[in-house]
>>> print(open('final32.tsv').read())   # TSV, C-alpha atoms
chain	number	residue	atom	x	y	z
A	1	MET	CA	-22.13	-4.55	13.51
A	2	ALA	CA	-22.59	-0.80	13.70
A	3	GLY	CA	-21.73	1.33	10.68
A	4	MET	CA	-20.38	0.06	7.39
A	5	ALA	CA	-18.44	-3.15	7.86
A	6	THR	CA	-16.10	-4.91	5.43
A	7	HIS	CA	-16.60	-8.63	4.86
A	8	VAL	CA	-14.30	-11.04	3.04
A	9	ILE	CA	-16.41	-13.93	1.70
A	10	THR	CA	-15.47	-17.19	-0.01
A	11	GLY	CA	-18.10	-19.13	-1.93
A	12	ALA	CA	-20.23	-16.08	-2.76
A	13	GLY	CA	-21.08	-17.46	-6.20
A	14	SER	CA	-23.85	-19.80	-5.09
A	15	GLY	CA	-25.83	-21.29	-2.22
A	16	ILE	CA	-25.20	-20.04	1.32
A	17	GLY	CA	-22.34	-17.75	0.27
A	18	ALA	CA	-24.47	-15.97	-2.33
A	19	ALA	CA	-27.34	-15.57	0.16
A	20	VAL	CA	-25.03	-14.02	2.78
A	21	ALA	CA	-23.38	-11.75	0.19
A	22	ARG	CA	-26.79	-10.54	-1.06
A	23	ARG	CA	-27.96	-9.68	2.46
A	24	LEU	CA	-24.77	-7.82	3.42
A	25	HIS	CA	-24.68	-6.04	0.04
A	26	ALA	CA	-28.31	-4.95	0.43
A	27	ARG	CA	-27.58	-3.29	3.76
A	28	GLY	CA	-24.69	-1.33	2.30
A	29	ASP	CA	-21.71	-3.17	3.77
A	30	GLU	CA	-18.42	-3.43	1.87
A	31	LEU	CA	-17.81	-6.80	0.24
A	32	VAL	CA	-14.51	-8.39	-0.77
A	33	LEU	CA	-15.50	-11.50	-2.70
A	34	HIS	CA	-13.01	-14.28	-3.18
A	35	ALA	CA	-12.96	-15.99	-6.59
A	36	ARG	CA	-10.91	-18.88	-7.91
A	37	ASN	CA	-9.97	-17.09	-11.15
A	38	ALA	CA	-10.30	-13.77	-12.99
A	39	GLY	CA	-13.36	-14.88	-15.00
A	40	ARG	CA	-15.23	-15.84	-11.84
A	41	ALA	CA	-14.18	-12.55	-10.22
A	42	LYS	CA	-15.69	-10.64	-13.13
A	43	GLU	CA	-19.01	-12.50	-12.72
A	44	LEU	CA	-19.10	-11.75	-8.99
A	45	ALA	CA	-18.30	-8.07	-9.56
A	46	ALA	CA	-21.22	-7.85	-12.02
A	47	GLN	CA	-23.52	-9.63	-9.57
A	48	PHE	CA	-22.60	-7.36	-6.65
A	49	PRO	CA	-21.99	-3.78	-7.93
A	50	GLY	CA	-19.36	-1.98	-5.88
A	51	ALA	CA	-17.89	-5.16	-4.42
A	52	ARG	CA	-14.17	-5.78	-4.63
A	53	THR	CA	-12.78	-9.16	-5.66
A	54	LEU	CA	-9.82	-11.22	-4.55
A	55	VAL	CA	-8.49	-13.99	-6.80
A	56	GLY	CA	-6.80	-17.19	-5.64
A	57	ASP	CA	-7.47	-20.90	-6.04
A	58	LEU	CA	-8.48	-22.53	-2.73
A	59	ALA	CA	-7.52	-25.88	-4.26
A	60	GLU	CA	-3.90	-24.65	-4.19
A	61	PRO	CA	-3.43	-23.16	-0.73
A	62	ASP	CA	0.37	-23.08	-1.19
A	63	ARG	CA	-0.09	-20.49	-3.95
A	64	LEU	CA	-2.54	-18.19	-2.17
A	65	SER	CA	0.23	-16.14	-0.59
A	66	TRP	CA	1.79	-15.52	-4.01
A	67	ALA	CA	-1.60	-14.68	-5.55
A	68	PHE	CA	-2.46	-12.19	-2.81
A	69	SER	CA	0.96	-10.51	-3.01
A	70	HIS	CA	-0.05	-9.32	-6.52
A	71	GLN	CA	-3.35	-7.80	-5.36
A	72	THR	CA	-4.49	-5.12	-2.95
A	73	LEU	CA	-5.86	-6.65	0.24
A	74	PRO	CA	-8.45	-4.69	2.23
A	75	ASP	CA	-7.02	-2.54	5.05
A	76	ARG	CA	-10.00	-3.33	7.25
A	77	VAL	CA	-11.70	-6.69	7.74
A	78	ASP	CA	-14.67	-6.87	10.11
A	79	SER	CA	-15.54	-10.40	9.16
A	80	LEU	CA	-13.98	-13.28	7.28
A	81	LEU	CA	-16.67	-15.71	6.12
A	82	HIS	CA	-15.44	-19.12	5.00
A	83	VAL	CA	-18.35	-20.51	2.98
A	84	ALA	CA	-16.69	-22.20	-0.03
A	85	GLY	CA	-16.38	-25.97	0.07
A	86	VAL	CA	-16.17	-29.09	-2.07
A	87	VAL	CA	-17.58	-32.56	-1.55
A	88	ASP	CA	-16.68	-35.90	-3.12
A	89	LEU	CA	-18.28	-39.01	-1.68
A	90	GLY	CA	-16.85	-42.52	-1.73
A	91	PRO	CA	-15.97	-45.42	0.54
A	92	VAL	CA	-12.54	-45.44	2.17
A	93	GLY	CA	-11.71	-48.50	0.07
A	94	GLU	CA	-11.99	-46.40	-3.09
A	95	LEU	CA	-10.97	-42.86	-2.15
A	96	THR	CA	-7.62	-41.90	-3.69
A	97	PRO	CA	-5.06	-39.53	-2.12
A	98	LYS	CA	-5.98	-37.00	-4.84
A	99	THR	CA	-9.64	-36.98	-3.70
A	100	TRP	CA	-8.59	-36.74	-0.04
A	101	ARG	CA	-6.16	-33.90	-0.73
A	102	HIS	CA	-8.57	-31.86	-2.83
A	103	GLN	CA	-11.19	-31.80	-0.07
A	104	LEU	CA	-8.64	-31.21	2.70
A	105	ASP	CA	-7.02	-28.37	0.71
A	106	VAL	CA	-10.24	-26.52	-0.16
A	107	ASN	CA	-12.19	-27.21	3.04
A	108	LEU	CA	-9.43	-26.97	5.65
A	109	VAL	CA	-5.96	-25.84	4.57
A	110	ALA	CA	-7.19	-22.90	2.45
A	111	PRO	CA	-9.43	-21.50	5.25
A	112	ALA	CA	-6.45	-21.74	7.63
A	113	GLU	CA	-4.24	-19.91	5.13
A	114	LEU	CA	-6.84	-17.21	4.42
A	115	THR	CA	-7.31	-16.70	8.15
A	116	ARG	CA	-3.55	-16.34	8.63
A	117	HIS	CA	-3.46	-13.63	5.95
A	118	PHE	CA	-6.32	-11.60	7.39
A	119	LEU	CA	-5.63	-11.99	11.11
A	120	PRO	CA	-3.82	-8.63	11.44
A	121	GLN	CA	-6.84	-6.79	9.95
A	122	LEU	CA	-9.29	-8.88	11.99
A	123	ARG	CA	-7.43	-8.11	15.22
A	124	ALA	CA	-7.33	-4.39	14.42
A	125	ALA	CA	-11.10	-4.35	13.79
A	126	ARG	CA	-11.90	-6.78	16.65
A	127	GLY	CA	-13.54	-8.74	13.87
A	128	HIS	CA	-15.27	-12.06	13.40
A	129	VAL	CA	-14.32	-15.30	11.64
A	130	VAL	CA	-17.22	-17.51	10.58
A	131	PHE	CA	-16.61	-21.06	9.41
A	132	VAL	CA	-19.52	-22.62	7.55
A	133	ASN	CA	-18.92	-26.19	8.57
A	134	SER	CA	-21.42	-29.04	8.10
A	135	GLY	CA	-23.33	-31.67	10.04
A	136	ALA	CA	-20.47	-33.86	8.74
A	137	GLY	CA	-18.12	-31.85	10.94
A	138	LEU	CA	-19.82	-33.37	13.99
A	139	ALA	CA	-20.60	-36.92	12.80
A	140	ALA	CA	-19.20	-39.00	9.95
A	141	HIS	CA	-21.24	-41.51	7.96
A	142	ALA	CA	-20.46	-44.18	5.37
A	143	ASP	CA	-19.01	-42.74	2.13
A	144	TRP	CA	-18.36	-39.37	3.77
A	145	ALA	CA	-14.90	-40.05	5.24
A	146	ALA	CA	-12.81	-37.50	3.32
A	147	TYR	CA	-15.36	-34.69	3.45
A	148	ALA	CA	-16.18	-35.32	7.12
A	149	ALA	CA	-12.48	-35.47	7.98
A	150	SER	CA	-11.96	-32.07	6.34
A	151	LYS	CA	-14.92	-30.65	8.29
A	152	HIS	CA	-13.89	-32.25	11.60
A	153	GLY	CA	-10.54	-30.56	10.96
A	154	LEU	CA	-12.31	-27.25	10.31
A	155	LYS	CA	-14.00	-27.54	13.71
A	156	ALA	CA	-10.58	-28.05	15.32
A	157	LEU	CA	-9.21	-25.02	13.45
A	158	ALA	CA	-12.11	-22.86	14.67
A	159	ASP	CA	-11.86	-24.08	18.27
A	160	SER	CA	-8.11	-23.43	18.44
A	161	LEU	CA	-8.42	-20.04	16.74
A	162	ARG	CA	-11.18	-19.00	19.15
A	163	GLN	CA	-8.96	-19.64	22.16
A	164	GLU	CA	-5.91	-18.04	20.57
A	165	GLU	CA	-7.66	-14.86	19.45
A	166	HIS	CA	-10.11	-14.27	22.30
A	167	ALA	CA	-7.72	-11.86	24.01
A	168	HIS	CA	-7.46	-9.89	20.73
A	169	GLY	CA	-11.23	-9.45	20.63
A	170	VAL	CA	-11.68	-11.66	17.57
A	171	ARG	CA	-14.89	-13.72	17.67
A	172	VAL	CA	-15.02	-17.16	16.05
A	173	THR	CA	-18.21	-18.97	15.07
A	174	SER	CA	-18.74	-22.39	13.50
A	175	VAL	CA	-22.07	-22.99	11.76
A	176	TYR	CA	-23.09	-26.59	11.12
A	177	PRO	CA	-25.89	-26.62	8.53
A	178	GLY	CA	-27.72	-29.82	7.70
A	179	ARG	CA	-28.49	-30.47	4.05
A	180	THR	CA	-29.04	-27.13	2.35
A	181	ALA	CA	-30.56	-26.62	-1.10
A	182	GLY	CA	-27.97	-25.60	-3.70
A	183	PRO	CA	-25.51	-26.87	-6.32
A	184	MET	CA	-23.48	-28.86	-3.75
A	185	GLN	CA	-26.60	-30.68	-2.57
A	186	ALA	CA	-27.56	-31.49	-6.15
A	187	LYS	CA	-24.09	-33.04	-6.64
A	188	VAL	CA	-24.39	-35.05	-3.41
A	189	HIS	CA	-27.73	-36.48	-4.50
A	190	GLN	CA	-26.25	-37.36	-7.89
A	191	GLN	CA	-23.37	-39.19	-6.19
A	192	GLU	CA	-25.82	-40.94	-3.89
A	193	GLY	CA	-27.97	-41.92	-6.88
A	194	LYS	CA	-31.00	-40.19	-5.36
A	195	GLU	CA	-33.54	-37.79	-6.84
A	196	TYR	CA	-32.93	-34.20	-5.73
A	197	ASP	CA	-35.85	-32.15	-4.42
A	198	PRO	CA	-34.61	-28.74	-3.14
A	199	GLY	CA	-37.91	-28.18	-1.32
A	200	ARG	CA	-37.00	-30.90	1.18
A	201	TRP	CA	-33.88	-29.16	2.44
A	202	ILE	CA	-32.87	-25.94	4.20
A	203	ASP	CA	-33.15	-22.74	2.15
A	204	PRO	CA	-29.72	-21.02	1.94
A	205	GLU	CA	-31.48	-17.83	3.12
A	206	SER	CA	-32.23	-19.50	6.45
A	207	VAL	CA	-28.56	-20.34	6.99
A	208	ALA	CA	-27.67	-16.77	5.97
A	209	THR	CA	-30.02	-15.52	8.70
A	210	THR	CA	-28.14	-17.56	11.33
A	211	ILE	CA	-24.79	-16.21	10.10
A	212	LEU	CA	-26.02	-12.61	10.26
A	213	THR	CA	-27.37	-13.27	13.75
A	214	ALA	CA	-23.88	-14.30	14.88
A	215	LEU	CA	-22.26	-11.28	13.17
A	216	ASP	CA	-24.76	-8.78	14.58
A	217	LEU	CA	-24.74	-10.11	18.14
A	218	PRO	CA	-23.74	-7.40	20.64
A	219	ARG	CA	-20.07	-7.45	21.64
A	220	ASP	CA	-20.72	-8.81	25.13
A	221	ALA	CA	-21.51	-12.23	23.65
A	222	GLU	CA	-20.24	-14.68	21.06
A	223	ILE	CA	-21.97	-17.58	19.34
A	224	ASN	CA	-19.38	-20.35	19.28
A	225	ASP	CA	-21.25	-23.21	17.62
A	226	LEU	CA	-24.55	-23.14	15.79
A	227	THR	CA	-26.25	-26.25	14.42
A	228	VAL	CA	-28.96	-25.70	11.81
A	229	ARG	CA	-31.16	-28.66	10.85
A	230	PRO	CA	-33.87	-29.04	8.19
A	231	GLY	CA	-37.19	-27.97	9.71
A	232	ARG	CA	-39.41	-29.87	7.30
>>> encode(input="final32.tsv", output="structure tokens")
Amino acid sequence: MAGMATHVITGAGSGIGAAVARRLHARGDELVLHARNAGRAKELAAQFPGARTLVGDLAEPDRLSWAFSHQTLPDRVDSLLHVAGVVDLGPVGELTPKTWRHQLDVNLVAPAELTRHFLPQLRAARGHVVFVNSGAGLAAHADWAAYAASKHGLKALADSLRQEEHAHGVRVTSVYPGRTAGPMQAKVHQQEGKEYDPGRWIDPESVATTILTALDLPRDAEINDLTVRPGR
């Protein structure tokens, strides 16, 4: 992207989101960092000097509209980067509606609602929407039903949005990382009862590189789907 671009990012507090935010911040782009509450927003603002914050709980997508109506949204959005996500493993025989809903709300309904809010700005800027999906968005395994369902849904959201917004010049990319080192991976290993060794998995910086590649691609092309697997 030529010149200073404005990026709205969810999940900038850790892992892939933090890596992407650091890279964009370092090159002088404008950041609007989404946070679930005011305390988290304050931490992000301290971490990324000059960045703006936007507060709203992704676990309550119905309330995002109300939350945003009390804040100043950016006039320009060159990219909307959906990186935040939650995971809770369990067999279908034990997953409760609450566990299903939490993952569907944060991983699918909230990204749809955020996209709806920022579409006017994205269209005006001929911007880019990036969904950080998961290998689970392409194949579901035992104990991953709810999370994989939310990520399969996210793929459907991205595919539909891409077709709807192509004429408006909005690019849409889904990135499907394999297991990536970070707090979420540590939690997954804990739930699986396995020892966690971050060195075995993808470095968040490597996923950030793929996201920046998609963003910086010349306008004559668009990366639709990008699968990133552990190289070790």
>>> closest_atom_pairs(input="final32.tsv", of="region 95-210 of chain A", to="region 17-24 of chain A", cutoff="8 Å", atoms="all atoms listed in the file", output="Markdown table")
| residue | atom | partner | partner_atom | distance |
| --- | --- | --- | --- | --- |
| A:Pro204 | CA | A:Ala19 | CA | 6.2 |
| A:Glu205 | CA | A:Ala19 | CA | 5.6 |
| A:Ala208 | CA | A:Val20 | CA | 5.0 |
| A:Thr209 | CA | A:Val20 | CA | 7.9 |
>>> residues_around(input="final32.tsv", residues="region 9-15 of chain A", least_positions_apart="4", cutoff="7 Å", atoms="only C-alpha atoms", output="ChimeraX atom specification")
/A:19,21,32-34,44,80-84,182-183,204
>>> axis_aligned_box(input="final32.tsv", around="region 89-94 of chain A", padding_each_side="5 Å", output="lines of an AutoDock Vina configuration file")
center_x = -15.0
center_y = -43.8
center_z = -0.5
size_x = 16.6
size_y = 19.5
size_z = 15.3
>>> atom_distance(input="final32.tsv", atom1="CA of Arg63 (chain A)", atom2="CA of Gly169 (chain A)")
29.2 Å
>>> residues_near_point(input="final32.tsv", point="(-17.2, -45.0, 2.5)", cutoff="6 Å", atoms="only C-alpha atoms", output="number ranges by chain")
A: 90-92, 142-144
>>> write_last_selection(input="final32.tsv", atoms="C-alpha atoms", output="short mmCIF file (atom, residue, chain, number, x, y, z; two decimals), keeping the file's coordinate frame")
data_model
loop_
_atom_site.label_atom_id
_atom_site.label_comp_id
_atom_site.auth_asym_id
_atom_site.auth_seq_id
_atom_site.Cartn_x
_atom_site.Cartn_y
_atom_site.Cartn_z
CA GLY A 90 -16.85 -42.52 -1.73
CA PRO A 91 -15.97 -45.42 0.54
CA VAL A 92 -12.54 -45.44 2.17
CA ALA A 142 -20.46 -44.18 5.37
CA ASP A 143 -19.01 -42.74 2.13
CA TRP A 144 -18.36 -39.37 3.77
#
>>> residues_around(input="final32.tsv", residues="Glu165 (chain A)", least_positions_apart="4", cutoff="10 Å", atoms="all atoms listed in the file", output="list of chain:residue names")
A:Leu119, A:Leu122, A:Arg123, A:Arg126, A:Ser160, A:Leu161, A:Gly169, A:Val170, A:Arg171, A:Val172
>>> residues_around(input="final32.tsv", residues="Trp201 (chain A)", least_positions_apart="6", cutoff="12 Å", atoms="only C-alpha atoms", output="list in words")
Pro177, Gly178, Arg179, Thr180, Ala181, Gly182, Gln185, Ala186, His189, Val207, Val228, Arg229, Pro230, Gly231 and Arg232 of chain A
>>> residues_around(input="final32.tsv", residues="region 102-118 of chain A", least_positions_apart="2", cutoff="9 Å", atoms="only C-alpha atoms", output="ChimeraX atom specification")
/A:57-62,64-65,68,73-74,77,80,82,84-88,97-100,120-123,129,131,133,146-147,149-151,153-154,157
>>> atom_distance(input="final32.tsv", atom1="CA of His152 (chain A)", atom2="CA of Tyr176 (chain A)")
10.8 Å
>>> atom_distance(input="final32.tsv", atom1="CA of Glu30 (chain A)", atom2="CA of Gln47 (chain A)")
14.0 Å
>>> closest_residue(input="final32.tsv", among="A:Asp203, A:Glu94, A:Asp159, A:Glu195", to="Asn224 (chain A)", atoms="all atoms listed in the file")
A:Asp159
>>> closest_residue(input="final32.tsv", among="A:Glu192, A:His128, A:Ala148, A:Lys155", to="Ile223 (chain A)", atoms="all atoms listed in the file")
A:His128
>>> closest_residue(input="final32.tsv", among="A:Ser79, A:Thr227, A:Thr53, A:Gln191", to="Thr210 (chain A)", atoms="all atoms listed in the file")
A:Thr227
>>> build_atoms(input="final32.tsv", residues="region 60-94 of chain A", atoms="N, CA and C atoms", output="PDB file, in the frame of the given file")
ATOM      1  N   GLU A  60      -5.361 -24.730  -4.268  1.00  0.00           N
ATOM      2  CA  GLU A  60      -3.900 -24.650  -4.190  1.00  0.00           C
ATOM      3  C   GLU A  60      -3.485 -23.682  -3.089  1.00  0.00           C
ATOM      4  N   PRO A  61      -3.701 -24.090  -1.834  1.00  0.00           N
ATOM      5  CA  PRO A  61      -3.430 -23.160  -0.730  1.00  0.00           C
ATOM      6  C   PRO A  61      -1.980 -22.668  -0.677  1.00  0.00           C
ATOM      7  N   ASP A  62      -1.048 -23.487  -1.184  1.00  0.00           N
ATOM      8  CA  ASP A  62       0.370 -23.080  -1.190  1.00  0.00           C
ATOM      9  C   ASP A  62       0.595 -21.840  -2.045  1.00  0.00           C
ATOM     10  N   ARG A  63      -0.283 -21.605  -3.014  1.00  0.00           N
ATOM     11  CA  ARG A  63      -0.090 -20.490  -3.950  1.00  0.00           C
ATOM     12  C   ARG A  63      -0.898 -19.244  -3.582  1.00  0.00           C
ATOM     13  N   LEU A  64      -1.710 -19.336  -2.533  1.00  0.00           N
ATOM     14  CA  LEU A  64      -2.540 -18.190  -2.170  1.00  0.00           C
ATOM     15  C   LEU A  64      -1.703 -16.974  -1.779  1.00  0.00           C
ATOM     16  N   SER A  65      -0.649 -17.228  -1.039  1.00  0.00           N
ATOM     17  CA  SER A  65       0.230 -16.140  -0.590  1.00  0.00           C
ATOM     18  C   SER A  65       0.801 -15.379  -1.792  1.00  0.00           C
ATOM     19  N   TRP A  66       1.249 -16.134  -2.788  1.00  0.00           N
ATOM     20  CA  TRP A  66       1.790 -15.520  -4.010  1.00  0.00           C
ATOM     21  C   TRP A  66       0.683 -14.739  -4.733  1.00  0.00           C
ATOM     22  N   ALA A  67      -0.488 -15.337  -4.850  1.00  0.00           N
ATOM     23  CA  ALA A  67      -1.600 -14.680  -5.550  1.00  0.00           C
ATOM     24  C   ALA A  67      -1.974 -13.362  -4.868  1.00  0.00           C
ATOM     25  N   PHE A  68      -2.043 -13.383  -3.543  1.00  0.00           N
ATOM     26  CA  PHE A  68      -2.460 -12.190  -2.810  1.00  0.00           C
ATOM     27  C   PHE A  68      -1.384 -11.098  -2.845  1.00  0.00           C
ATOM     28  N   SER A  69      -0.126 -11.503  -2.988  1.00  0.00           N
ATOM     29  CA  SER A  69       0.960 -10.510  -3.010  1.00  0.00           C
ATOM     30  C   SER A  69       0.881  -9.632  -4.263  1.00  0.00           C
ATOM     31  N   HIS A  70       0.106 -10.083  -5.278  1.00  0.00           N
ATOM     32  CA  HIS A  70      -0.050  -9.320  -6.520  1.00  0.00           C
ATOM     33  C   HIS A  70      -1.366  -8.540  -6.555  1.00  0.00           C
ATOM     34  N   GLN A  71      -2.065  -8.496  -5.418  1.00  0.00           N
ATOM     35  CA  GLN A  71      -3.350  -7.800  -5.360  1.00  0.00           C
ATOM     36  C   GLN A  71      -3.390  -6.914  -4.120  1.00  0.00           C
ATOM     37  N   THR A  72      -4.341  -5.989  -4.114  1.00  0.00           N
ATOM     38  CA  THR A  72      -4.490  -5.120  -2.950  1.00  0.00           C
ATOM     39  C   THR A  72      -5.473  -5.750  -1.976  1.00  0.00           C
ATOM     40  N   LEU A  73      -4.994  -6.078  -0.792  1.00  0.00           N
ATOM     41  CA  LEU A  73      -5.860  -6.650   0.240  1.00  0.00           C
ATOM     42  C   LEU A  73      -6.559  -5.516   0.980  1.00  0.00           C
ATOM     43  N   PRO A  74      -7.761  -5.749   1.486  1.00  0.00           N
ATOM     44  CA  PRO A  74      -8.450  -4.690   2.230  1.00  0.00           C
ATOM     45  C   PRO A  74      -7.691  -4.315   3.507  1.00  0.00           C
ATOM     46  N   ASP A  75      -7.692  -3.010   3.826  1.00  0.00           N
ATOM     47  CA  ASP A  75      -7.020  -2.540   5.050  1.00  0.00           C
ATOM     48  C   ASP A  75      -7.814  -2.935   6.285  1.00  0.00           C
ATOM     49  N   ARG A  76      -9.138  -3.010   6.116  1.00  0.00           N
ATOM     50  CA  ARG A  76     -10.000  -3.330   7.250  1.00  0.00           C
ATOM     51  C   ARG A  76     -10.799  -4.590   6.935  1.00  0.00           C
ATOM     52  N   VAL A  77     -10.861  -5.494   7.901  1.00  0.00           N
ATOM     53  CA  VAL A  77     -11.700  -6.690   7.740  1.00  0.00           C
ATOM     54  C   VAL A  77     -12.486  -6.884   9.040  1.00  0.00           C
ATOM     55  N   ASP A  78     -13.807  -6.677   8.943  1.00  0.00           N
ATOM     56  CA  ASP A  78     -14.670  -6.870  10.110  1.00  0.00           C
ATOM     57  C   ASP A  78     -15.125  -8.319  10.229  1.00  0.00           C
ATOM     58  N   SER A  79     -15.240  -8.979   9.083  1.00  0.00           N
ATOM     59  CA  SER A  79     -15.540 -10.400   9.160  1.00  0.00           C
ATOM     60  C   SER A  79     -14.930 -11.146   7.988  1.00  0.00           C
ATOM     61  N   LEU A  80     -14.494 -12.364   8.284  1.00  0.00           N
ATOM     62  CA  LEU A  80     -13.980 -13.280   7.280  1.00  0.00           C
ATOM     63  C   LEU A  80     -14.929 -14.478   7.297  1.00  0.00           C
ATOM     64  N   LEU A  81     -15.635 -14.681   6.181  1.00  0.00           N
ATOM     65  CA  LEU A  81     -16.670 -15.710   6.120  1.00  0.00           C
ATOM     66  C   LEU A  81     -16.223 -16.826   5.183  1.00  0.00           C
ATOM     67  N   HIS A  82     -15.888 -17.963   5.778  1.00  0.00           N
ATOM     68  CA  HIS A  82     -15.440 -19.120   5.000  1.00  0.00           C
ATOM     69  C   HIS A  82     -16.659 -19.954   4.624  1.00  0.00           C
ATOM     70  N   VAL A  83     -17.146 -19.788   3.396  1.00  0.00           N
ATOM     71  CA  VAL A  83     -18.350 -20.510   2.980  1.00  0.00           C
ATOM     72  C   VAL A  83     -18.046 -21.524   1.872  1.00  0.00           C
ATOM     73  N   ALA A  84     -17.012 -21.299   1.087  1.00  0.00           N
ATOM     74  CA  ALA A  84     -16.690 -22.200  -0.030  1.00  0.00           C
ATOM     75  C   ALA A  84     -16.357 -23.593   0.486  1.00  0.00           C
ATOM     76  N   GLY A  85     -16.717 -24.593  -0.304  1.00  0.00           N
ATOM     77  CA  GLY A  85     -16.380 -25.970   0.070  1.00  0.00           C
ATOM     78  C   GLY A  85     -16.601 -26.897  -1.095  1.00  0.00           C
ATOM     79  N   VAL A  86     -15.962 -28.059  -1.049  1.00  0.00           N
ATOM     80  CA  VAL A  86     -16.170 -29.090  -2.070  1.00  0.00           C
ATOM     81  C   VAL A  86     -16.496 -30.405  -1.390  1.00  0.00           C
ATOM     82  N   VAL A  87     -17.229 -31.252  -2.095  1.00  0.00           N
ATOM     83  CA  VAL A  87     -17.580 -32.560  -1.550  1.00  0.00           C
ATOM     84  C   VAL A  87     -17.401 -33.622  -2.628  1.00  0.00           C
ATOM     85  N   ASP A  88     -16.836 -34.742  -2.238  1.00  0.00           N
ATOM     86  CA  ASP A  88     -16.680 -35.900  -3.120  1.00  0.00           C
ATOM     87  C   ASP A  88     -16.878 -37.143  -2.275  1.00  0.00           C
ATOM     88  N   LEU A  89     -17.966 -37.836  -2.496  1.00  0.00           N
ATOM     89  CA  LEU A  89     -18.280 -39.010  -1.680  1.00  0.00           C
ATOM     90  C   LEU A  89     -17.571 -40.250  -2.205  1.00  0.00           C
ATOM     91  N   GLY A  90     -17.424 -41.231  -1.329  1.00  0.00           N
ATOM     92  CA  GLY A  90     -16.850 -42.520  -1.730  1.00  0.00           C
ATOM     93  C   GLY A  90     -16.403 -43.282  -0.507  1.00  0.00           C
ATOM     94  N   PRO A  91     -16.430 -44.616  -0.591  1.00  0.00           N
ATOM     95  CA  PRO A  91     -15.970 -45.420   0.540  1.00  0.00           C
ATOM     96  C   PRO A  91     -14.449 -45.319   0.696  1.00  0.00           C
ATOM     97  N   VAL A  92     -13.974 -45.520   1.897  1.00  0.00           N
ATOM     98  CA  VAL A  92     -12.540 -45.440   2.170  1.00  0.00           C
ATOM     99  C   VAL A  92     -11.764 -46.378   1.246  1.00  0.00           C
ATOM    100  N   GLY A  93     -12.367 -47.516   0.942  1.00  0.00           N
ATOM    101  CA  GLY A  93     -11.710 -48.500   0.070  1.00  0.00           C
ATOM    102  C   GLY A  93     -11.490 -48.015  -1.352  1.00  0.00           C
ATOM    103  N   GLU A  94     -12.124 -46.899  -1.713  1.00  0.00           N
ATOM    104  CA  GLU A  94     -11.990 -46.400  -3.090  1.00  0.00           C
ATOM    105  C   GLU A  94     -11.466 -44.969  -3.195  1.00  0.00           C
TER     106      GLU A  94
END
